$ cat run.cif   # mmCIF, C-alpha atoms and all ligand atoms
data_entry
#
loop_
_atom_site.label_atom_id
_atom_site.label_comp_id
_atom_site.auth_asym_id
_atom_site.auth_seq_id
_atom_site.Cartn_x
_atom_site.Cartn_y
_atom_site.Cartn_z
CA MET Y 25 145.86 12.66 33.47
CA GLY Y 26 144.93 9.37 31.70
CA PRO Y 27 142.18 9.12 29.04
CA SER Y 28 139.66 7.50 31.41
CA ARG Y 29 140.23 10.29 33.98
CA ILE Y 30 139.74 12.91 31.26
CA ALA Y 31 136.52 11.19 30.10
CA LYS Y 32 135.25 11.05 33.68
CA THR Y 33 136.08 14.71 34.29
CA GLY Y 34 134.33 15.61 31.06
CA LEU Y 35 131.26 13.62 32.10
CA VAL Y 36 131.14 15.34 35.51
CA ALA Y 37 131.50 18.77 33.88
CA ALA Y 38 128.78 17.98 31.34
CA THR Y 39 126.45 16.75 34.09
CA ALA Y 40 127.12 19.86 36.20
CA TRP Y 41 126.44 22.05 33.16
CA LEU Y 42 123.17 20.21 32.51
CA ILE Y 43 122.07 20.65 36.15
CA LEU Y 44 122.79 24.37 35.96
CA GLN Y 45 120.53 24.62 32.93
CA LEU Y 46 117.62 22.91 34.66
CA PRO Y 47 114.83 25.01 36.12
CA ALA Y 48 114.72 25.18 39.92
CA ALA Y 49 111.87 22.66 39.96
CA ALA Y 50 114.37 19.94 39.12
CA LEU Y 51 116.43 20.74 42.23
CA PRO Y 52 115.45 19.83 45.78
CA LEU Y 53 112.83 22.49 46.32
CA GLY Y 54 109.90 21.90 48.63
CA GLU Y 55 106.42 21.33 47.32
CA LEU Y 56 105.27 24.83 48.21
CA ALA Y 57 108.11 26.58 46.38
CA ARG Y 58 107.55 24.39 43.34
CA ALA Y 59 103.84 25.13 43.36
CA ALA Y 60 104.61 28.87 43.66
CA GLN Y 61 106.91 28.74 40.66
CA ARG Y 62 104.34 26.88 38.60
CA ALA Y 63 101.64 29.38 39.57
CA GLY Y 64 103.93 32.30 38.74
CA ILE Y 65 103.85 34.04 42.13
CA ASP Y 66 106.35 34.31 44.94
CA VAL Y 67 105.66 32.63 48.25
CA GLY Y 68 107.77 34.24 50.91
CA VAL Y 69 108.73 33.98 54.56
CA ALA Y 70 109.92 36.57 57.07
CA VAL Y 71 113.22 35.67 58.70
CA ASP Y 72 115.43 37.08 61.41
CA THR Y 73 118.98 36.21 62.43
CA ASN Y 74 117.85 33.96 65.28
CA LEU Y 75 116.58 31.05 63.13
CA ASN Y 76 117.88 27.63 64.14
CA ALA Y 77 119.18 25.22 61.49
CA ALA Y 78 115.86 23.41 61.08
CA ARG Y 79 113.99 26.66 60.45
CA GLN Y 80 116.70 27.87 58.09
CA ALA Y 81 116.31 24.67 56.08
CA ILE Y 82 112.54 25.15 55.79
CA ALA Y 83 112.94 28.82 54.88
CA ALA Y 84 115.45 27.88 52.18
CA SER Y 85 113.57 25.03 50.57
CA GLU Y 86 109.88 25.86 50.87
CA PHE Y 87 109.85 29.54 49.92
CA THR Y 88 110.82 31.48 46.82
CA SER Y 89 111.08 34.83 48.59
CA THR Y 90 112.58 36.14 51.84
CA THR Y 91 111.55 39.20 53.81
CA VAL Y 92 114.05 40.64 56.28
CA GLU Y 93 111.76 40.76 59.33
CA ASN Y 94 113.64 43.15 61.63
CA ARG Y 95 117.24 43.73 60.63
CA LEU Y 96 116.57 46.45 58.04
CA LYS Y 97 114.44 48.60 60.34
CA TRP Y 98 116.05 51.98 61.01
CA GLY Y 99 116.08 51.43 64.77
CA SER Y 100 117.72 48.01 64.39
CA LEU Y 101 120.34 49.32 61.97
CA SER Y 102 121.29 52.57 63.63
CA PRO Y 103 121.82 52.53 67.41
CA ALA Y 104 123.36 56.01 67.30
CA GLN Y 105 123.20 58.83 64.81
CA GLY Y 106 125.54 58.25 61.89
CA VAL Y 107 126.26 54.68 63.05
CA TYR Y 108 125.02 51.70 61.04
CA ASP Y 109 125.40 48.02 61.84
CA PHE Y 110 124.56 46.00 58.75
CA SER Y 111 125.87 42.67 60.03
CA GLY Y 112 122.46 41.06 60.60
CA ALA Y 113 120.89 42.39 57.40
CA ASP Y 114 123.93 41.45 55.32
CA ALA Y 115 123.85 37.88 56.64
CA LEU Y 116 120.15 37.48 55.84
CA VAL Y 117 120.47 39.01 52.37
CA ASP Y 118 123.51 36.85 51.54
CA GLN Y 119 121.66 33.75 52.73
CA ALA Y 120 118.56 34.51 50.69
CA GLU Y 121 120.69 35.10 47.61
CA GLN Y 122 122.44 31.77 48.14
CA ASN Y 123 118.99 30.20 48.33
CA GLY Y 124 118.14 31.79 44.99
CA GLN Y 125 115.28 33.72 46.56
CA ARG Y 126 113.73 37.05 45.76
CA ILE Y 127 114.23 39.50 48.65
CA ARG Y 128 111.82 42.06 50.16
CA GLY Y 129 113.35 44.87 52.18
CA HIS Y 130 111.31 45.63 55.28
CA THR Y 131 111.09 48.45 56.10
CA LEU Y 132 112.69 51.81 55.36
CA PHE Y 133 110.42 54.14 57.35
CA TRP Y 134 108.14 52.99 60.17
CA ASP Y 135 107.31 55.31 63.00
CA ARG Y 136 106.85 52.62 65.66
CA LEU Y 137 108.92 50.26 67.81
CA ASN Y 138 112.30 49.36 66.32
CA GLY Y 139 111.29 51.15 63.12
CA MET Y 140 112.40 54.33 64.91
CA PRO Y 141 115.98 54.90 66.03
CA GLY Y 142 116.05 56.01 69.67
CA TRP Y 143 117.96 59.21 68.83
CA LEU Y 144 115.72 60.48 66.00
CA GLU Y 145 112.95 62.32 67.82
CA ALA Y 146 115.23 64.44 70.03
CA ASP Y 147 117.50 65.16 67.09
CA VAL Y 148 114.62 66.49 64.97
CA ALA Y 149 113.19 68.44 67.90
CA GLY Y 150 116.56 70.14 68.47
CA ALA Y 151 117.02 71.19 64.84
CA THR Y 152 116.62 74.85 63.88
CA ASP Y 153 114.72 73.78 60.76
CA PRO Y 154 113.07 70.42 61.59
CA VAL Y 155 111.48 70.11 58.14
CA ALA Y 156 114.74 70.46 56.27
CA HIS Y 157 116.60 68.39 58.86
CA LEU Y 158 114.22 65.41 58.83
CA THR Y 159 114.03 65.51 55.03
CA GLN Y 160 117.79 65.35 54.85
CA LEU Y 161 118.00 62.54 57.44
CA MET Y 162 115.44 60.51 55.49
CA GLN Y 163 117.26 61.05 52.22
CA THR Y 164 120.58 60.05 53.74
CA HIS Y 165 119.03 56.97 55.36
CA ALA Y 166 117.43 55.84 52.09
CA ALA Y 167 120.64 56.42 50.15
CA THR Y 168 122.65 54.50 52.76
CA VAL Y 169 120.37 51.49 53.13
CA VAL Y 170 118.60 51.11 49.78
CA GLY Y 171 121.82 52.11 48.04
CA ARG Y 172 123.80 49.43 49.90
CA TYR Y 173 121.61 46.68 48.46
CA ALA Y 174 120.83 48.30 45.11
CA GLY Y 175 120.03 45.66 42.48
CA ARG Y 176 119.77 42.92 45.11
CA LEU Y 177 116.48 43.61 46.88
CA ALA Y 178 113.59 43.27 44.44
CA GLN Y 179 111.11 45.14 46.64
CA TRP Y 180 111.10 47.59 49.52
CA ASP Y 181 108.33 48.37 51.98
CA VAL Y 182 109.39 52.00 51.79
CA VAL Y 183 106.80 53.16 54.29
CA ASN Y 184 105.15 50.83 56.75
CA GLU Y 185 101.84 51.58 58.44
CA PRO Y 186 101.24 55.23 57.54
CA LEU Y 187 97.74 55.00 59.03
CA ALA Y 188 96.88 55.53 62.68
CA GLN Y 189 96.65 52.22 64.52
CA LEU Y 190 92.89 52.14 64.67
CA LEU Y 191 91.62 55.13 62.70
CA PRO Y 192 91.40 55.52 58.91
CA THR Y 193 93.63 58.60 58.88
CA MET Y 194 97.32 59.30 58.55
CA ASP Y 195 98.88 58.59 61.95
CA PRO Y 196 98.86 61.87 63.90
CA GLU Y 197 101.42 60.40 66.35
CA SER Y 198 103.97 59.88 63.61
CA LEU Y 199 107.08 62.05 63.81
CA PHE Y 200 107.29 61.94 60.01
CA PHE Y 201 103.68 63.08 59.58
CA GLN Y 202 103.88 65.67 62.34
CA THR Y 203 106.98 67.21 60.80
CA LEU Y 204 106.41 66.89 57.05
CA GLY Y 205 102.70 66.15 56.64
CA GLU Y 206 101.61 63.67 53.99
CA SER Y 207 104.53 64.75 51.81
CA TYR Y 208 106.82 62.57 53.95
CA LEU Y 209 105.61 59.71 51.80
CA ASP Y 210 106.86 61.45 48.66
CA VAL Y 211 110.20 62.27 50.28
CA ALA Y 212 110.58 58.61 51.25
CA PHE Y 213 109.66 57.14 47.88
CA HIS Y 214 111.69 59.60 45.80
CA ALA Y 215 114.74 58.97 47.97
CA ALA Y 216 114.35 55.18 47.75
CA HIS Y 217 113.86 55.35 44.00
CA ALA Y 218 116.96 57.50 43.56
CA ALA Y 219 118.97 54.96 45.57
CA ASP Y 220 117.76 51.96 43.56
CA PRO Y 221 115.73 52.70 40.43
CA THR Y 222 115.27 48.94 39.85
CA ALA Y 223 113.49 48.16 43.14
CA GLN Y 224 109.72 47.91 43.31
CA LEU Y 225 108.55 50.31 45.99
CA PHE Y 226 105.62 49.42 48.25
CA LEU Y 227 103.37 51.14 50.74
CA ASN Y 228 102.62 48.52 53.40
CA GLU Y 229 99.66 48.61 55.80
CA THR Y 230 98.03 46.54 58.50
CA LEU Y 231 94.37 45.91 59.36
CA THR Y 232 93.26 46.65 55.82
CA GLU Y 233 90.43 44.18 56.41
CA VAL Y 234 88.66 47.19 57.91
CA PRO Y 235 87.04 48.75 54.82
CA THR Y 236 87.51 52.36 55.93
CA ARG Y 237 91.22 51.73 56.49
CA PHE Y 238 91.60 50.07 53.09
CA ASP Y 239 89.81 52.98 51.41
CA ALA Y 240 91.98 55.51 53.26
CA LEU Y 241 95.10 53.65 52.15
CA LEU Y 242 94.06 53.70 48.50
CA GLN Y 243 93.21 57.39 48.75
CA ILE Y 244 96.69 58.10 50.08
CA ALA Y 245 98.22 55.94 47.35
CA GLN Y 246 96.21 57.72 44.67
CA GLY Y 247 97.40 61.07 46.02
CA MET Y 248 100.99 59.87 45.68
CA LEU Y 249 100.39 58.70 42.11
CA ASP Y 250 98.77 62.05 41.27
CA ARG Y 251 101.88 63.78 42.57
CA ALA Y 252 104.03 61.41 40.45
CA ALA Y 253 105.69 59.76 43.44
CA PRO Y 254 107.40 56.49 42.45
CA LEU Y 255 104.94 54.14 44.16
CA HIS Y 256 104.78 50.70 42.54
CA GLY Y 257 102.84 48.47 44.88
CA ILE Y 258 100.58 48.09 47.88
CA GLY Y 259 101.36 45.59 50.63
CA LEU Y 260 98.41 44.25 52.58
CA GLN Y 261 99.97 42.73 55.68
CA GLY Y 262 97.36 40.05 56.27
CA HIS Y 263 97.67 39.41 60.01
CA PHE Y 264 93.88 39.08 60.12
CA LEU Y 265 93.78 40.00 63.80
CA LEU Y 266 90.03 40.56 63.86
CA GLY Y 267 88.96 37.25 62.35
CA PRO Y 268 89.52 34.93 59.40
CA PRO Y 269 90.02 36.46 55.95
CA ASP Y 270 86.96 37.05 53.82
CA ARG Y 271 87.88 35.69 50.38
CA THR Y 272 85.40 37.87 48.47
CA GLN Y 273 86.50 41.03 50.24
CA LEU Y 274 90.18 40.20 49.84
CA GLN Y 275 89.94 39.47 46.14
CA SER Y 276 87.99 42.66 45.47
CA GLN Y 277 90.64 44.61 47.39
CA LEU Y 278 93.38 43.07 45.27
CA GLU Y 279 91.39 43.98 42.16
CA ALA Y 280 90.94 47.55 43.39
CA VAL Y 281 94.71 47.93 43.76
CA ALA Y 282 95.24 46.36 40.35
CA ALA Y 283 92.80 48.86 38.84
CA MET Y 284 95.12 51.65 40.00
CA GLY Y 285 97.91 50.13 37.93
CA LEU Y 286 99.83 48.99 41.01
CA ALA Y 287 101.24 45.64 42.04
CA VAL Y 288 99.87 44.12 45.23
CA GLU Y 289 101.13 41.49 47.67
CA LEU Y 290 100.02 39.90 50.92
CA THR Y 291 103.16 40.75 52.84
CA GLU Y 292 102.87 39.45 56.43
CA VAL Y 293 100.30 36.70 56.53
CA ASP Y 294 99.50 34.70 59.64
CA ILE Y 295 96.08 33.45 60.66
CA SER Y 296 95.61 32.59 64.32
CA LEU Y 297 94.16 29.15 64.96
CA ASN Y 298 92.26 30.80 67.79
CA HIS Y 299 89.81 32.21 65.23
CA PHE Y 300 88.59 28.64 64.65
CA LEU Y 301 88.47 27.11 68.12
CA GLY Y 302 84.69 26.78 67.90
CA ASP Y 303 85.04 24.76 64.70
CA PRO Y 304 84.93 20.93 64.92
CA ASP Y 305 88.27 20.82 63.05
CA PRO Y 306 90.19 24.05 63.69
CA LEU Y 307 93.23 23.03 61.62
CA ALA Y 308 91.02 22.29 58.61
CA ALA Y 309 89.22 25.61 59.04
CA GLN Y 310 92.58 27.40 59.23
CA ALA Y 311 93.62 25.55 56.07
CA ARG Y 312 90.52 26.84 54.27
CA ALA Y 313 91.42 30.37 55.34
CA TYR Y 314 94.93 29.96 53.89
CA ALA Y 315 93.41 28.57 50.69
CA ASP Y 316 91.29 31.72 50.51
CA VAL Y 317 94.34 33.95 50.79
CA PHE Y 318 96.45 32.09 48.23
CA GLY Y 319 93.42 31.59 45.97
CA ALA Y 320 92.58 35.31 46.01
CA CYS Y 321 96.15 36.20 45.08
CA VAL Y 322 96.47 33.81 42.16
CA ALA Y 323 93.09 34.98 40.86
CA VAL Y 324 94.41 38.52 40.37
CA THR Y 325 97.31 38.97 37.96
CA ALA Y 326 98.60 42.07 39.78
CA CYS Y 327 99.05 40.00 42.95
CA THR Y 328 102.64 38.86 42.72
CA GLY Y 329 103.26 37.27 46.08
CA VAL Y 330 102.13 35.99 49.45
CA THR Y 331 104.56 36.12 52.37
CA VAL Y 332 103.98 34.42 55.71
CA TRP Y 333 105.26 36.12 58.86
CA GLY Y 334 107.46 33.40 60.29
CA VAL Y 335 108.56 29.85 59.55
CA ASP Y 336 106.63 27.83 62.11
CA ASP Y 337 104.21 27.99 65.00
CA GLY Y 338 107.01 27.77 67.55
CA ASP Y 339 108.29 31.21 66.61
CA THR Y 340 105.50 33.69 65.99
CA TRP Y 341 105.42 37.34 67.04
CA LEU Y 342 101.76 36.86 68.00
CA ASP Y 343 102.74 34.76 71.04
CA THR Y 344 105.13 37.38 72.44
CA PHE Y 345 103.71 40.77 71.44
CA ALA Y 346 102.07 42.47 74.43
CA LEU Y 347 98.70 43.07 72.79
CA THR Y 348 98.30 39.58 71.36
CA ALA Y 349 100.29 37.36 73.74
CA ALA Y 350 97.26 36.75 75.95
CA GLY Y 351 95.86 34.50 73.20
CA ALA Y 352 99.00 32.35 72.95
CA PRO Y 353 99.56 29.88 71.47
CA HIS Y 354 98.19 31.27 68.21
CA ARG Y 355 99.66 28.57 65.93
CA PRO Y 356 99.12 30.84 62.91
CA LEU Y 357 101.63 29.54 60.35
CA LEU Y 358 102.06 26.83 57.70
CA PHE Y 359 104.37 24.58 59.76
CA ASP Y 360 103.77 23.39 63.32
CA ALA Y 361 106.20 23.93 66.19
CA GLN Y 362 108.00 20.68 65.23
CA GLY Y 363 108.52 22.01 61.70
CA LEU Y 364 105.98 19.65 60.16
CA PRO Y 365 103.66 20.89 57.41
CA LYS Y 366 100.13 21.57 58.63
CA PRO Y 367 96.85 21.23 56.74
CA ALA Y 368 97.29 24.95 55.99
CA TYR Y 369 100.50 24.12 54.09
CA HIS Y 370 98.78 21.52 51.93
CA ALA Y 371 95.88 23.89 51.32
CA ALA Y 372 98.30 26.60 50.18
CA VAL Y 373 99.95 24.17 47.76
CA ALA Y 374 96.58 23.07 46.41
CA ALA Y 375 95.48 26.69 45.95
CA LEU Y 376 98.45 27.35 43.66
CA PRO Y 377 97.28 25.87 40.39
CA GLU Y 378 99.12 25.01 37.24
CA PRO Y 379 98.85 28.15 35.11
CA SER Y 380 96.62 28.05 32.04
CA LEU Y 381 98.25 28.02 28.60
CA GLY Y 382 97.35 31.70 28.18
CA ALA Y 383 98.92 32.62 31.50
CA LEU Y 384 102.00 30.60 30.61
CA LEU Y 385 102.39 32.53 27.40
CA LEU Y 386 101.95 35.80 29.28
CA LEU Y 387 104.36 34.86 32.05
CA GLY Y 388 106.52 33.33 29.38
CA GLY Y 389 110.22 33.85 29.55
CA ALA Y 390 110.15 35.88 32.76
CA ALA Y 391 108.99 33.01 34.96
CA LEU Y 392 111.24 30.52 33.22
CA ARG Y 393 114.22 32.83 33.52
CA ARG Y 394 113.52 33.29 37.21
CA ALA Y 395 113.13 29.56 37.81
CA SER Y 396 116.34 28.88 36.01
CA ALA Y 397 118.19 31.67 37.87
CA GLN Y 398 116.95 30.22 41.15
CA GLY Y 399 118.10 26.80 40.02
CA ARG Y 400 121.56 28.09 39.26
CA ALA Y 401 121.78 29.98 42.58
CA ARG Y 402 120.71 26.88 44.50
CA ALA Y 403 123.21 24.72 42.61
CA GLU Y 404 125.94 27.24 43.36
CA SER Y 405 125.03 27.31 47.05
CA ASP Y 406 124.97 23.49 47.17
CA ARG Y 407 128.37 23.49 45.48
CA GLN Y 408 129.79 25.91 48.06
CA ARG Y 409 128.37 23.88 50.95
CA SER Y 410 129.75 20.55 49.68
O1 LIG Y 501 117.19 42.83 68.69
C1 LIG Y 501 116.80 43.04 70.06
C2 LIG Y 501 117.71 42.32 70.95
O2 LIG Y 501 119.01 42.85 70.82
C3 LIG Y 501 117.20 42.42 72.38
O3 LIG Y 501 118.01 41.68 73.23
C4 LIG Y 501 115.77 41.92 72.47
C5 LIG Y 501 115.19 42.09 73.87
O4 LIG Y 501 113.81 42.31 73.83
O5 LIG Y 501 114.99 42.68 71.59
C6 LIG Y 501 115.40 42.53 70.26
O6 LIG Y 501 114.57 43.30 69.44
C7 LIG Y 501 113.28 42.79 69.22
C8 LIG Y 501 113.11 42.53 67.74
O7 LIG Y 501 111.78 42.14 67.46
C9 LIG Y 501 114.05 41.45 67.22
O8 LIG Y 501 113.78 40.24 67.83
C10 LIG Y 501 112.26 43.81 69.69
O9 LIG Y 501 112.32 43.94 71.09
C11 LIG Y 501 110.87 43.41 69.26
O10 LIG Y 501 109.97 44.49 69.53
C12 LIG Y 501 110.85 43.14 67.79
O11 LIG Y 501 109.55 42.73 67.44
C13 LIG Y 501 109.26 42.79 66.06
C14 LIG Y 501 108.14 43.82 65.83
O12 LIG Y 501 107.79 43.82 64.44
C15 LIG Y 501 108.61 45.23 66.17
O13 LIG Y 501 109.61 45.64 65.29
C16 LIG Y 501 108.79 41.43 65.60
O14 LIG Y 501 109.86 40.50 65.71
C17 LIG Y 501 108.31 41.49 64.15
O15 LIG Y 501 107.73 40.27 63.80
C18 LIG Y 501 107.26 42.59 64.04
O16 LIG Y 501 106.88 42.68 62.68
C19 LIG Y 501 105.86 43.66 62.42
C20 LIG Y 501 106.19 44.26 61.06
O17 LIG Y 501 107.48 44.79 61.08
C21 LIG Y 501 105.15 45.33 60.69
N1 LIG Y 501 103.81 44.79 60.75
C22 LIG Y 501 103.44 44.15 62.01
C23 LIG Y 501 104.45 43.04 62.34
C24 LIG Y 501 104.06 42.31 63.60
O18 LIG Y 501 104.12 43.16 64.71
#
$ encode --input "run.cif" --output "structure tokens" --more "lines below"
Ligand code: G3I
Amino acid sequence: MGPSRIAKTGLVAATAWLILQLPAAALPLGELARAAQRAGIDVGVAVDTNLNAARQAIAASEFTSTTVENRLKWGSLSPAQGVYDFSGADALVDQAEQNGQRIRGHTLFWDRLNGMPGWLEADVAGATDPVAHLTQLMQTHAATVVGRYAGRLAQWDVVNEPLAQLLPTMDPESLFFQTLGESYLDVAFHAAHAADPTAQLFLNETLTEVPTRFDALLQIAQGMLDRAAPLHGIGLQGHFLLGPPDRTQLQSQLEAVAAMGLAVELTEVDISLNHFLGDPDPLAAQARAYADVFGACVAVTACTGVTVWGVDDGDTWLDTFALTAAGAPHRPLLFDAQGLPKPAYHAAVAALPEPSLGALLLLGGAALRRASAQGRARAESDRQRS
């Protein structure tokens, strides 16, 4: 190798080294992800294995966090007892890691739809000791799934929707509740914690805009804390099915969770445009609602993230789910069906402010380390792709 070749190689290596040292903001991140990093929160998106290339690109560049929308649900993972198919979940987790994103596991125990494996109910019913049997099945499931991704998934929605669908009580229809009572929550969280002591463990609930449901959720959470269950955070889903978010109510809810010493996130946000059809400018009204959600989160230090439930308006559960499909199209997300940013997107960016000097000092190294780790992961993924 001649001297000019050596000098050139050295220059390339030095440049590559410099790029790897840069925070993620210097790499081709979207405006939303950059604003999230500056504000010191995660902005996430739920993804499934069916995303086309355009949606994958948006999910990779505009968000700092990924939630596995369906592929980690017990019913999706385990078609038959003792059988696990991790192919979809593995692909999504690998992809998110290549994107340098934080990952939320959703969800370990959910007693509805594909949260429940088809074989579970009959298996528990046929057991001589259903309590011991279900406890053991839950512990094995947590060890298998949380353990598989230990150290890689930052958060888990360990239990999803413990409340009845409309009432502010534990769900009496739940197989877990029917068999183990409220202590199923403790079984779930202890098992998840044993499988990955580094993961932040969340209780996730829907329709918490209804005050009695929110109060019931906090009462359940407080009971768990009193019993020393390893509960670390509360997830407020944020589908806002009944109407637009109320900023004052939302912020005071986030503060109430913070006062319990727990983290809190908006975990599944979408806001139907149909709430605003009477407004002269529905898209602008929807944008204000998104600003309220992001603004409430950044106003409360314990609120560490906002995740939207889908990439764009062309692929939202609201348009296909039996109970909500009648209102389609809901157009509830930050990008339109063509993948273009909506007013809601720009409002979300604007609601994520530069942190104050004090906040910067508090966030300090942690945020910088994360930004730089994301930068390195993105550079590595770019390198592998090229
Ligand atoms: O994977 C199967 C596929 O093999 C099959 O061919 C196809 C035929 O219908 O179904 C596929 O499963 C579907 C799955 O999504 C993956 O696409 C299920 O039928 C469908 O019910 C399931 O819907 C999901 C729903 O949860 C139920 O699990 C939605 O995508 C997902 O957005 C939604 O997310 C929930 C959160 O987990 C909890 N909070 C509420 C939120 C919205 O309902």
$ closest_atom_pairs --input "run.cif" --of "chain Y" --to "ligand LIG 501 (chain Y)" --cutoff "6 Å" --atoms "only C-alpha atoms and all ligand atoms" --output "Markdown table"
| residue | atom | partner | partner_atom | distance |
| --- | --- | --- | --- | --- |
| Y:Glu93 | CA | Y:LIG501 | C17 | 6.0 |
| Y:Asn94 | CA | Y:LIG501 | C9 | 5.9 |
| Y:Leu137 | CA | Y:LIG501 | C15 | 5.3 |
| Y:Asn138 | CA | Y:LIG501 | O13 | 4.7 |
| Y:Trp341 | CA | Y:LIG501 | O15 | 4.9 |
$ atom_distance --input "run.cif" --atom1 "atom CA of Gly363 of chain Y" --atom2 "atom CA of Leu274 of chain Y"
28.4 Å
$ residues_around --input "run.cif" --residues "Gln273 of chain Y" --least-positions-apart "5" --cutoff "10 Å" --atoms "all atoms listed in the file" --output "list of chain:residue names"
Y:Glu233, Y:Pro235, Y:Leu278, Y:Glu279, Y:Ala320
$ closest_residue --input "run.cif" --among "Y:Leu199, Y:Leu290, Y:Ala81, Y:Met284" --to "Asp250 of chain Y" --atoms "only C-alpha atoms"
Y:Met284
$ closest_residue --input "run.cif" --among "Y:Leu307, Y:Leu225, Y:Ile127, Y:Ala156" --to "Tyr173 of chain Y" --atoms "only C-alpha atoms"
Y:Ile127
$ closest_residue --input "run.cif" --among "Y:Asp181, Y:Asp270, Y:Glu197, Y:Asp316" --to "Gly257 of chain Y" --atoms "only C-alpha atoms"
Y:Asp181
$ residues_around --input "run.cif" --residues "Gln163 of chain Y" --least-positions-apart "6" --cutoff "9 Å" --atoms "all atoms listed in the file" --output "PyMOL selection string"
chain Y and resi 211-212+214-216
$ residues_around --input "run.cif" --residues "Thr193 of chain Y" --least-positions-apart "4" --cutoff "7 Å" --atoms "all atoms listed in the file" --output "list in words"
Leu187, Ala188 and Ala240 of chain Y
$ write_last_selection --input "run.cif" --atoms "C-alpha atoms" --output "short mmCIF file (atom, residue, chain, number, x, y, z; two decimals), in the frame of the given file"
data_model
loop_
_atom_site.label_atom_id
_atom_site.label_comp_id
_atom_site.auth_asym_id
_atom_site.auth_seq_id
_atom_site.Cartn_x
_atom_site.Cartn_y
_atom_site.Cartn_z
CA LEU Y 187 97.74 55.00 59.03
CA ALA Y 188 96.88 55.53 62.68
CA ALA Y 240 91.98 55.51 53.26
#
$ axis_aligned_box --input "run.cif" --around "segment 169-172 of chain Y" --padding-each-side "3 Å" --output "AutoDock Vina command-line options"
--center_x 121.2 --center_y 50.8 --center_z 50.6 --size_x 11.2 --size_y 8.7 --size_z 11.1
